[in-house]
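Engineer: Okay, handing you the structure first.
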Amino acid sequence: MSDDTAKWRALLEDRLKSLQERLAEINETLRQPEDDDIEEQAVEADDDEVLHRLARAGRDEARLIGAALRRIDEGTYGICTTCGKAISKRRLQALPEAEKCLRCAQQSDDR
Ligand SMILES: [Zn+2]
């Protein structure tokens with residue numbers, strides 16, 4: 001394993017760890033009992049919706065980071081899963097869990 005790979009792995013593991021801590025906090029907040037006050041409940045329902053969305057986004061990101069770590073194990077990290085070309089270092093620095101090169105990501109993402 002090259003030094004570079006070790007660096008990416010450390011970075012990804014770091015990200016995964018802080019993400020999991022954040023998710024644990026969100027789940028903790030979601031588990032707290034609801035207030036009896038009806039108005040408070042409405043506010044909390046809104047908050048819950050935001051938290052659920054955050055939790056979903058967090059789980060998605062954790063999944064991507066896990067996949068990136070697997071690609072490091074397999075020696076395919078930094079290679080676009082769509083076209084097989086190398087993902088630019090600049091992109092990986094901005095988004096270490098990126099599984100596609102910028103071009104493929106843009107093509108698959110135009111919703
Ligand atoms: Zn590509």
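Every chain in the structure tokens has a letter given in the order shown (A, B, ...), and although residue numbers restart at 1 in each chain, ligands are simply numbered from 1 in the order shown.
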Need to verify the contact set: Asp48 (chain A), 10 Å, only C-alpha atoms, exclusion of same-chain residues closer than 6 positions in sequence. Can you return it as a PyMOL selection string?
Structural biologist: chain A and resi 26+29-31+41-42+54
Engineer: Which chains and residue numbers are within 12 Å of ligand 1, counting only C-alpha atoms and all ligand atoms, if I want them as an NGL selection string?
Structural biologist: :A and (78-88 or 91 or 98-108)
Engineer: From the DSSP assignment of the backbone, select every residue of region 49-99 of chain A that is helix (DSSP H, G or I), and format the answer as a PyMOL selection string.
Structural biologist: chain A and resi 49-74+89-94
Engineer: So which residues touch Asp60 (chain A) within 12 Å, counting only C-alpha atoms, skipping near sequence neighbours fewer than 6 positions away, as a list in words?
Structural biologist: Leu16, Leu19, Gln20, Leu23, Arg53, Leu54, Gly66, Ala67 and Glu97 of chain A
Engineer: Could you write out the selected residues, including N, CA and C atoms, as a PDB file, in the first residue's frame?
Structural biologist:
ATOM      1  N   LEU A  16     -15.697   8.896   8.586  1.00  0.00           N
ATOM      2  CA  LEU A  16     -16.714   7.919   8.962  1.00  0.00           C
ATOM      3  C   LEU A  16     -16.979   7.993  10.458  1.00  0.00           C
ATOM      4  N   LEU A  19     -18.889  11.090  11.363  1.00  0.00           N
ATOM      5  CA  LEU A  19     -20.237  10.919  10.831  1.00  0.00           C
ATOM      6  C   LEU A  19     -21.064  10.015  11.746  1.00  0.00           C
ATOM      7  N   GLN A  20     -20.456   8.927  12.189  1.00  0.00           N
ATOM      8  CA  GLN A  20     -21.179   8.002  13.059  1.00  0.00           C
ATOM      9  C   GLN A  20     -21.506   8.643  14.394  1.00  0.00           C
ATOM     10  N   LEU A  23     -24.461  10.823  13.718  1.00  0.00           N
ATOM     11  CA  LEU A  23     -25.672  10.014  13.563  1.00  0.00           C
ATOM     12  C   LEU A  23     -26.172   9.518  14.915  1.00  0.00           C
ATOM     13  N   ARG A  53     -34.127  13.638   7.927  1.00  0.00           N
ATOM     14  CA  ARG A  53     -33.467  13.893   6.656  1.00  0.00           C
ATOM     15  C   ARG A  53     -31.943  13.885   6.832  1.00  0.00           C
ATOM     16  N   LEU A  54     -31.490  14.523   7.921  1.00  0.00           N
ATOM     17  CA  LEU A  54     -30.055  14.535   8.216  1.00  0.00           C
ATOM     18  C   LEU A  54     -29.536  13.119   8.421  1.00  0.00           C
ATOM     19  N   GLY A  66     -17.905   3.833   3.332  1.00  0.00           N
ATOM     20  CA  GLY A  66     -17.622   2.409   3.494  1.00  0.00           C
ATOM     21  C   GLY A  66     -17.217   1.785   2.166  1.00  0.00           C
ATOM     22  N   ALA A  67     -17.912   2.170   1.106  1.00  0.00           N
ATOM     23  CA  ALA A  67     -17.594   1.635  -0.222  1.00  0.00           C
ATOM     24  C   ALA A  67     -16.203   2.091  -0.652  1.00  0.00           C
ATOM     25  N   GLU A  97     -14.826  10.319  -0.708  1.00  0.00           N
ATOM     26  CA  GLU A  97     -15.605   9.104  -0.947  1.00  0.00           C
ATOM     27  C   GLU A  97     -16.147   9.045  -2.375  1.00  0.00           C
TER      28      GLU A  97
END
Engineer: Expressed in Å to a single decimal, how great is the separation between CA of Arg70 (chain A) and CA of Gln93 (chain A)?
Structural biologist: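 These two atoms are separated by 17.9 Å.
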Engineer: Quick one: residues within 12 Å of Leu69 (chain A), only C-alpha atoms counted, chain neighbours fewer than 3 positions away excluded, as a ChimeraX atom specification?
Structural biologist: /A:5-16,62-66,72-78,96-99
